[in-house]
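Report on the following structure.
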Amino acid sequence: MSSSSKDISVESTDLLTEVAVSYYQDGATQEEISKKYAISRAKVGRMLKQARDEGIVEITVKYHPVFSAKIEQRLIERFGVKRALIALDQPNEEQQRQQVAGLVSNYLNSTLKNGMVVTVGQGRNVSAVAHHVGVITSRDCKFVCGIGGIHPRGGMFNADHICRQLAKKYGGTSETLYAPAYAENREQKLAFMQNATVKQTLDLARKADVALVGIGDMSENSYMVDLGWFTAEEVVQSRLLQGVVGDFAGYDFFDIHGQVATTVMSDRIIGLSIDEFRPISEVIAIAAENSKPLALLGALRTRAVDVIATSVSNALTVLNLDEQMTSVEQTPLSEI
């Protein structure tokens, strides 16, 4: 492809986006768009179709607002969260992740203000938010890694990569945590944590206005096992012996009651702990996959989450599980 044809492609995509925003977001008529851009009305129609075909515009069917609002209200009442971003269930994991990422991206766009600091975690769900294509208002925010770097195979899911992508998306800046996410042992971890550069970045991450993190589940096929941080057996043993159901931002491991569990995997991650996330005024936690209801319930019970982003089925399962467990816990032993 020649350089001139590449330029035409870029310009065409930009124009498609502008036309789509005018029509779908600003409510302009095709006639008004035709006059504004000096193109025929028929061409406007073709461009809107092309924008849908190329994924610049996504048209989704949502649950009735009353239905979504009721689920959100139940989550707010049960767990004391500020907001619940609930996505329509999708046929596969990747589509579900993208649907949830869209909600989080829109929420960030309406929430972030100039001068804010955002602590950023790692993983597929957080990465999906950073790479979500949408209309974004530029903001001078700083995106800071809340956890160290990971193996090159996990490049796109690395907190540093995600920070850089978010900074590019919003026109802000990013700050790298110059340490690995995973240490071989506690002594090695402490050595990194005492480094002045690492301490400076983590201090900034602790004082953030907003945090964006993922909630992991304890599966032997998990992201951490895939990267070689922990063995499948370590994960299984932690699940069976300590009752671990998930991890918070790739750092602390917790049980179904939201209590941090001490496992063979503890004290090997370089980053912020659950306790260090609590003072941050708005912690946004994402759990898109339908394998995560237990992890999501445990995370909500830590009381460290302010905004939860998940699917309808996950939200309903979490509410049902919590109600059942609370009912059993409140039943006198004499009646069991």
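Chains: A, B, ... in order of the structure tokens. Residues: from 1 per chain. Ligands: from 1, in order shown.
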Test item, alpha helix (DSSP H) assignment across range 38-133 of chain A, answer as a VMD selection string: chain A and resid 41 to 53 65 to 79 93 to 111 124 to 131
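The neighbours of range 325-329 of chain A here are the residues that come within 12 Å of it, using only C-alpha atoms and leaving out any residue fewer than 6 positions away in the same chain; they are Arg78, Ile256, His257, Leu294, Leu297, Gly298, Arg301, Val318, Leu319, Glu335 and Ile336 of chain A.
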I need the chosen residues saved as a PDB file, in the first residue's frame, with C-alpha atoms.
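For reference, again09.pdb as written:
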```pdb
ATOM      1  CA  ARG A  78     -26.211  -5.278  49.981  1.00  0.00           C
ATOM      2  CA  ILE A 256     -15.640 -15.906  50.250  1.00  0.00           C
ATOM      3  CA  HIS A 257     -16.090 -13.708  53.342  1.00  0.00           C
ATOM      4  CA  LEU A 294     -17.446 -16.387  43.897  1.00  0.00           C
ATOM      5  CA  LEU A 297     -18.740 -11.916  46.034  1.00  0.00           C
ATOM      6  CA  GLY A 298     -15.520 -12.165  48.053  1.00  0.00           C
ATOM      7  CA  ARG A 301     -17.261  -8.333  50.937  1.00  0.00           C
ATOM      8  CA  VAL A 318     -23.708 -12.841  43.527  1.00  0.00           C
ATOM      9  CA  LEU A 319     -26.921 -11.452  45.042  1.00  0.00           C
ATOM     10  CA  GLU A 335     -32.491 -25.258  63.694  1.00  0.00           C
ATOM     11  CA  ILE A 336     -29.788 -26.626  61.382  1.00  0.00           C
TER      12      ILE A 336
END
```
From range 69-106 of chain A, collect each residue whose DSSP state is strand (DSSP E or B) and return the set as a VMD selection string. chain A and resid 83 to 87
Excluding Lys113 in chain A and its own-chain neighbours fewer than 3 positions away, which residues fall within 10 Å of it when counting only C-alpha atoms? Please give them as an NGL selection string. :A and (108-110 or 116-117 or 137-141 or 209)
Please identify all polymer residues within 9 Å of Lys292 in chain A, counting only C-alpha atoms, omitting same-chain residues fewer than 4 positions from it, and present them as a PyMOL selection string. chain A and resi 215-218+245-246+287-288+296-297+314
Cys163 in chain A: which residues within 7 Å, counting only C-alpha atoms, same-chain residues fewer than 3 positions away excluded, as a PyMOL selection string? chain A and resi 120+143-145+159-160+166-167+174
Residues near Ala211 in chain A, anyone? I mean within 7 Å using only C-alpha atoms, not counting same-chain ones fewer than 6 positions away, as a PyMOL selection string. chain A and resi 118-120+282-284
Show me, as a compact mmCIF listing (two decimals) with all heavy atoms, in the first residue's frame, the residues that have an atom within 12 Å of range 191-203 of chain A when counting only C-alpha atoms, minus same-chain residues fewer than 2 positions from it.
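New file part_33.txt:
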```txt
# COMPACT_ATOMS: atom_id res chain seq x y z
N VAL A 117 -5.23 11.60 39.57
CA VAL A 117 -4.29 10.49 39.47
C VAL A 117 -5.09 9.18 39.51
O VAL A 117 -5.97 9.03 40.35
CB VAL A 117 -3.27 10.52 40.63
CG1 VAL A 117 -2.37 9.28 40.59
CG2 VAL A 117 -2.43 11.79 40.56
N VAL A 118 -4.78 8.28 38.58
CA VAL A 118 -5.49 7.01 38.49
C VAL A 118 -4.50 5.86 38.68
O VAL A 118 -3.54 5.74 37.93
CB VAL A 118 -6.20 6.84 37.13
CG1 VAL A 118 -6.99 5.55 37.08
CG2 VAL A 118 -7.11 8.04 36.85
N THR A 119 -4.73 5.03 39.69
CA THR A 119 -3.92 3.84 39.89
C THR A 119 -4.47 2.73 39.03
O THR A 119 -5.68 2.47 39.03
CB THR A 119 -3.94 3.40 41.37
OG1 THR A 119 -3.29 4.40 42.16
CG2 THR A 119 -3.22 2.07 41.56
N VAL A 120 -3.59 2.05 38.29
CA VAL A 120 -4.03 1.07 37.29
C VAL A 120 -3.47 -0.32 37.60
O VAL A 120 -2.28 -0.46 37.91
CB VAL A 120 -3.59 1.52 35.88
CG1 VAL A 120 -4.01 0.49 34.83
CG2 VAL A 120 -4.19 2.89 35.55
N LYS A 142 -2.97 11.59 35.31
CA LYS A 142 -1.76 10.76 35.38
C LYS A 142 -2.19 9.34 35.73
O LYS A 142 -2.89 9.11 36.72
CB LYS A 142 -0.78 11.28 36.41
CG LYS A 142 0.45 10.38 36.59
CD LYS A 142 1.54 11.05 37.39
CE LYS A 142 2.36 11.97 36.54
NZ LYS A 142 3.59 12.44 37.23
N PHE A 143 -1.76 8.37 34.92
CA PHE A 143 -2.09 6.97 35.13
C PHE A 143 -0.84 6.25 35.68
O PHE A 143 0.21 6.24 35.03
CB PHE A 143 -2.56 6.33 33.82
CG PHE A 143 -3.80 7.00 33.27
CD1 PHE A 143 -3.70 8.08 32.40
CD2 PHE A 143 -5.06 6.57 33.66
CE1 PHE A 143 -4.83 8.71 31.91
CE2 PHE A 143 -6.20 7.19 33.18
CZ PHE A 143 -6.09 8.27 32.30
N VAL A 144 -0.97 5.70 36.89
CA VAL A 144 0.17 5.16 37.61
C VAL A 144 0.01 3.65 37.83
O VAL A 144 -1.08 3.19 38.21
CB VAL A 144 0.32 5.84 38.99
CG1 VAL A 144 1.56 5.34 39.71
CG2 VAL A 144 0.36 7.35 38.83
N CYS A 145 1.06 2.90 37.60
CA CYS A 145 1.01 1.45 37.82
C CYS A 145 0.85 1.13 39.30
O CYS A 145 1.63 1.61 40.13
CB CYS A 145 2.29 0.79 37.31
SG CYS A 145 2.54 0.92 35.53
N GLY A 146 -0.13 0.30 39.62
CA GLY A 146 -0.34 -0.14 41.00
C GLY A 146 0.30 -1.48 41.28
O GLY A 146 0.22 -2.01 42.39
N ILE A 147 0.95 -2.04 40.26
CA ILE A 147 1.62 -3.34 40.38
C ILE A 147 2.77 -3.36 39.38
O ILE A 147 2.74 -2.65 38.37
CB ILE A 147 0.62 -4.50 40.13
CG1 ILE A 147 1.25 -5.85 40.49
CG2 ILE A 147 0.12 -4.49 38.69
CD1 ILE A 147 0.24 -7.00 40.54
N GLY A 148 3.78 -4.16 39.67
CA GLY A 148 4.96 -4.22 38.82
C GLY A 148 4.71 -4.84 37.46
O GLY A 148 3.58 -5.17 37.10
N GLY A 149 5.78 -5.01 36.72
CA GLY A 149 5.69 -5.53 35.35
C GLY A 149 5.65 -7.04 35.29
O GLY A 149 6.07 -7.73 36.22
N SER A 174 1.71 8.92 32.00
CA SER A 174 1.75 7.65 32.73
C SER A 174 3.03 7.54 33.52
O SER A 174 4.03 8.20 33.21
CB SER A 174 1.64 6.47 31.76
OG SER A 174 2.77 6.40 30.92
N GLU A 175 3.00 6.73 34.58
CA GLU A 175 4.19 6.49 35.39
C GLU A 175 4.37 5.00 35.61
O GLU A 175 3.46 4.31 36.07
CB GLU A 175 4.10 7.21 36.73
CG GLU A 175 5.36 7.03 37.57
CD GLU A 175 5.51 8.06 38.67
OE1 GLU A 175 5.03 9.20 38.51
OE2 GLU A 175 6.12 7.74 39.70
N THR A 176 5.56 4.53 35.27
CA THR A 176 5.89 3.11 35.37
C THR A 176 6.36 2.74 36.77
O THR A 176 7.02 3.55 37.43
CB THR A 176 7.01 2.77 34.36
OG1 THR A 176 6.58 3.10 33.05
CG2 THR A 176 7.39 1.29 34.43
N LEU A 177 6.00 1.53 37.22
CA LEU A 177 6.57 0.99 38.45
C LEU A 177 7.74 0.11 38.04
O LEU A 177 7.54 -0.96 37.46
CB LEU A 177 5.52 0.18 39.22
CG LEU A 177 5.99 -0.49 40.52
CD1 LEU A 177 6.54 0.53 41.49
CD2 LEU A 177 4.85 -1.28 41.16
N TYR A 178 8.95 0.58 38.31
CA TYR A 178 10.15 -0.11 37.82
C TYR A 178 10.53 -1.28 38.73
O TYR A 178 11.54 -1.25 39.44
CB TYR A 178 11.30 0.88 37.67
CG TYR A 178 11.10 1.84 36.52
CD1 TYR A 178 10.70 3.15 36.76
CD2 TYR A 178 11.28 1.42 35.20
CE1 TYR A 178 10.49 4.03 35.70
CE2 TYR A 178 11.07 2.29 34.15
CZ TYR A 178 10.68 3.59 34.40
OH TYR A 178 10.47 4.44 33.35
N ALA A 179 9.70 -2.30 38.67
CA ALA A 179 9.94 -3.53 39.43
C ALA A 179 9.10 -4.63 38.80
O ALA A 179 8.09 -4.35 38.14
CB ALA A 179 9.53 -3.34 40.90
N PRO A 180 9.50 -5.90 39.01
CA PRO A 180 8.64 -6.98 38.52
C PRO A 180 7.39 -7.10 39.39
O PRO A 180 7.40 -6.67 40.55
CB PRO A 180 9.54 -8.22 38.67
CG PRO A 180 10.45 -7.87 39.81
CD PRO A 180 10.71 -6.39 39.68
N ALA A 181 6.34 -7.63 38.84
CA ALA A 181 5.13 -7.85 39.64
C ALA A 181 5.35 -9.01 40.61
O ALA A 181 4.83 -9.00 41.73
CB ALA A 181 3.95 -8.15 38.73
N TYR A 182 6.14 -9.96 40.19
CA TYR A 182 6.32 -11.19 40.96
C TYR A 182 7.76 -11.34 41.45
O TYR A 182 8.70 -11.22 40.67
CB TYR A 182 5.94 -12.38 40.07
CG TYR A 182 6.40 -13.72 40.56
CD1 TYR A 182 5.72 -14.36 41.59
CD2 TYR A 182 7.49 -14.37 39.99
CE1 TYR A 182 6.14 -15.61 42.04
CE2 TYR A 182 7.91 -15.61 40.42
CZ TYR A 182 7.22 -16.23 41.46
OH TYR A 182 7.63 -17.46 41.90
N ALA A 183 7.93 -11.56 42.74
CA ALA A 183 9.26 -11.82 43.31
C ALA A 183 9.37 -13.30 43.67
O ALA A 183 8.37 -13.95 43.97
CB ALA A 183 9.47 -10.96 44.55
N GLU A 184 10.57 -13.81 43.67
CA GLU A 184 10.78 -15.24 43.97
C GLU A 184 10.46 -15.56 45.43
O GLU A 184 10.03 -16.65 45.76
CB GLU A 184 12.22 -15.63 43.66
CG GLU A 184 12.59 -15.52 42.18
CD GLU A 184 11.86 -16.53 41.32
OE1 GLU A 184 11.47 -17.60 41.85
OE2 GLU A 184 11.66 -16.25 40.13
N ASN A 185 10.68 -14.59 46.30
CA ASN A 185 10.44 -14.81 47.73
C ASN A 185 10.23 -13.47 48.43
O ASN A 185 10.37 -12.40 47.81
CB ASN A 185 11.62 -15.57 48.37
CG ASN A 185 12.96 -14.92 48.04
OD1 ASN A 185 13.15 -13.72 48.28
ND2 ASN A 185 13.87 -15.69 47.47
N ARG A 186 9.93 -13.53 49.73
CA ARG A 186 9.61 -12.32 50.48
C ARG A 186 10.81 -11.37 50.58
O ARG A 186 10.67 -10.15 50.47
CB ARG A 186 9.15 -12.71 51.90
CG ARG A 186 8.67 -11.53 52.73
CD ARG A 186 8.05 -12.00 54.03
NE ARG A 186 7.48 -10.88 54.78
CZ ARG A 186 8.17 -10.11 55.61
NH1 ARG A 186 9.46 -10.35 55.82
NH2 ARG A 186 7.58 -9.12 56.24
N GLU A 187 11.99 -11.93 50.74
CA GLU A 187 13.19 -11.11 50.88
C GLU A 187 13.43 -10.29 49.60
O GLU A 187 13.78 -9.11 49.66
CB GLU A 187 14.41 -11.99 51.18
CG GLU A 187 14.42 -12.62 52.56
CD GLU A 187 13.35 -13.70 52.73
OE1 GLU A 187 13.00 -14.36 51.72
OE2 GLU A 187 12.87 -13.86 53.86
N GLN A 188 13.27 -10.94 48.47
CA GLN A 188 13.47 -10.26 47.20
C GLN A 188 12.43 -9.15 47.03
O GLN A 188 12.74 -8.04 46.58
CB GLN A 188 13.36 -11.26 46.04
CG GLN A 188 13.77 -10.70 44.70
CD GLN A 188 13.58 -11.70 43.59
OE1 GLN A 188 12.49 -11.87 43.07
NE2 GLN A 188 14.66 -12.39 43.23
N LYS A 189 11.19 -9.45 47.42
CA LYS A 189 10.12 -8.45 47.34
C LYS A 189 10.47 -7.22 48.19
O LYS A 189 10.35 -6.08 47.74
CB LYS A 189 8.79 -9.04 47.80
CG LYS A 189 7.70 -7.98 47.93
CD LYS A 189 6.49 -8.51 48.65
CE LYS A 189 5.57 -7.34 49.01
NZ LYS A 189 4.27 -7.77 49.50
N ALA A 205 0.73 6.06 43.77
CA ALA A 205 -0.41 5.17 43.51
C ALA A 205 -1.35 5.11 44.71
O ALA A 205 -2.58 5.05 44.54
CB ALA A 205 0.11 3.77 43.18
N ARG A 206 -0.79 5.14 45.91
CA ARG A 206 -1.61 5.08 47.13
C ARG A 206 -2.48 6.33 47.30
O ARG A 206 -3.56 6.28 47.88
CB ARG A 206 -0.72 4.95 48.37
CG ARG A 206 -0.01 3.62 48.50
CD ARG A 206 0.80 3.55 49.78
NE ARG A 206 1.60 2.34 49.83
CZ ARG A 206 2.91 2.29 49.53
NH1 ARG A 206 3.56 3.40 49.21
NH2 ARG A 206 3.56 1.14 49.58
N LYS A 207 -2.00 7.45 46.79
CA LYS A 207 -2.70 8.74 46.97
C LYS A 207 -3.61 9.07 45.78
O LYS A 207 -4.07 10.21 45.66
CB LYS A 207 -1.67 9.86 47.16
CG LYS A 207 -0.84 9.69 48.43
CD LYS A 207 0.29 10.70 48.47
CE LYS A 207 1.20 10.46 49.67
NZ LYS A 207 2.40 11.33 49.66
N ALA A 208 -3.89 8.09 44.94
CA ALA A 208 -4.69 8.33 43.74
C ALA A 208 -6.13 8.72 44.06
O ALA A 208 -6.63 8.46 45.15
CB ALA A 208 -4.68 7.07 42.86
N ASP A 267 2.79 -12.45 49.82
CA ASP A 267 4.07 -11.74 50.02
C ASP A 267 5.07 -11.97 48.91
O ASP A 267 6.28 -11.96 49.13
CB ASP A 267 4.69 -12.14 51.37
CG ASP A 267 4.81 -10.94 52.30
OD1 ASP A 267 4.52 -9.82 51.83
OD2 ASP A 267 5.20 -11.11 53.46
N ARG A 268 4.56 -12.17 47.69
CA ARG A 268 5.46 -12.32 46.55
C ARG A 268 5.13 -11.32 45.44
O ARG A 268 5.78 -11.31 44.40
CB ARG A 268 5.39 -13.76 46.02
CG ARG A 268 6.14 -14.74 46.93
CD ARG A 268 5.62 -16.15 46.82
NE ARG A 268 5.82 -16.75 45.52
CZ ARG A 268 5.47 -18.02 45.24
NH1 ARG A 268 4.93 -18.77 46.19
NH2 ARG A 268 5.65 -18.50 44.05
N ILE A 269 4.11 -10.49 45.66
CA ILE A 269 3.70 -9.52 44.66
C ILE A 269 4.16 -8.12 45.05
O ILE A 269 4.07 -7.73 46.20
CB ILE A 269 2.15 -9.51 44.49
CG1 ILE A 269 1.63 -10.94 44.28
CG2 ILE A 269 1.74 -8.61 43.35
CD1 ILE A 269 2.14 -11.61 43.04
N ILE A 270 4.67 -7.39 44.08
CA ILE A 270 5.14 -6.03 44.32
C ILE A 270 4.08 -5.05 43.80
O ILE A 270 3.91 -4.88 42.59
CB ILE A 270 6.50 -5.79 43.63
CG1 ILE A 270 7.53 -6.77 44.21
CG2 ILE A 270 6.96 -4.35 43.81
CD1 ILE A 270 8.81 -6.85 43.43
N GLY A 271 3.35 -4.46 44.72
CA GLY A 271 2.27 -3.56 44.35
C GLY A 271 1.46 -3.18 45.57
O GLY A 271 1.89 -3.38 46.71
N LEU A 272 0.26 -2.62 45.34
CA LEU A 272 -0.60 -2.19 46.43
C LEU A 272 -1.47 -3.34 46.95
O LEU A 272 -1.98 -4.14 46.18
CB LEU A 272 -1.52 -1.06 45.97
CG LEU A 272 -0.88 0.24 45.49
CD1 LEU A 272 -1.96 1.31 45.34
CD2 LEU A 272 0.21 0.72 46.43
N SER A 273 -1.65 -3.38 48.27
CA SER A 273 -2.51 -4.39 48.90
C SER A 273 -3.94 -3.86 48.99
O SER A 273 -4.20 -2.68 48.73
CB SER A 273 -2.00 -4.69 50.31
OG SER A 273 -2.13 -3.53 51.12
N GLU A 276 -4.32 -0.87 51.13
CA GLU A 276 -3.82 0.37 50.53
C GLU A 276 -4.78 0.93 49.49
O GLU A 276 -4.70 2.11 49.13
CB GLU A 276 -2.44 0.14 49.93
CG GLU A 276 -1.38 -0.09 51.00
CD GLU A 276 -0.03 -0.50 50.43
OE1 GLU A 276 0.02 -1.45 49.63
OE2 GLU A 276 0.97 0.14 50.79
N PHE A 277 -5.68 0.09 48.99
CA PHE A 277 -6.69 0.58 48.05
C PHE A 277 -7.85 1.26 48.78
O PHE A 277 -8.51 2.14 48.23
CB PHE A 277 -7.24 -0.57 47.20
CG PHE A 277 -6.41 -0.88 45.99
CD1 PHE A 277 -5.55 -1.98 45.98
CD2 PHE A 277 -6.48 -0.08 44.85
CE1 PHE A 277 -4.77 -2.27 44.87
CE2 PHE A 277 -5.71 -0.37 43.73
CZ PHE A 277 -4.85 -1.46 43.74
```
Could you check which of A:Phe230, A:Tyr170, A:Tyr37, A:Phe157 is closest to Val133 in chain A, using only C-alpha atoms?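 With only C-alpha atoms as the atom set, the closest residue is A:Tyr170.
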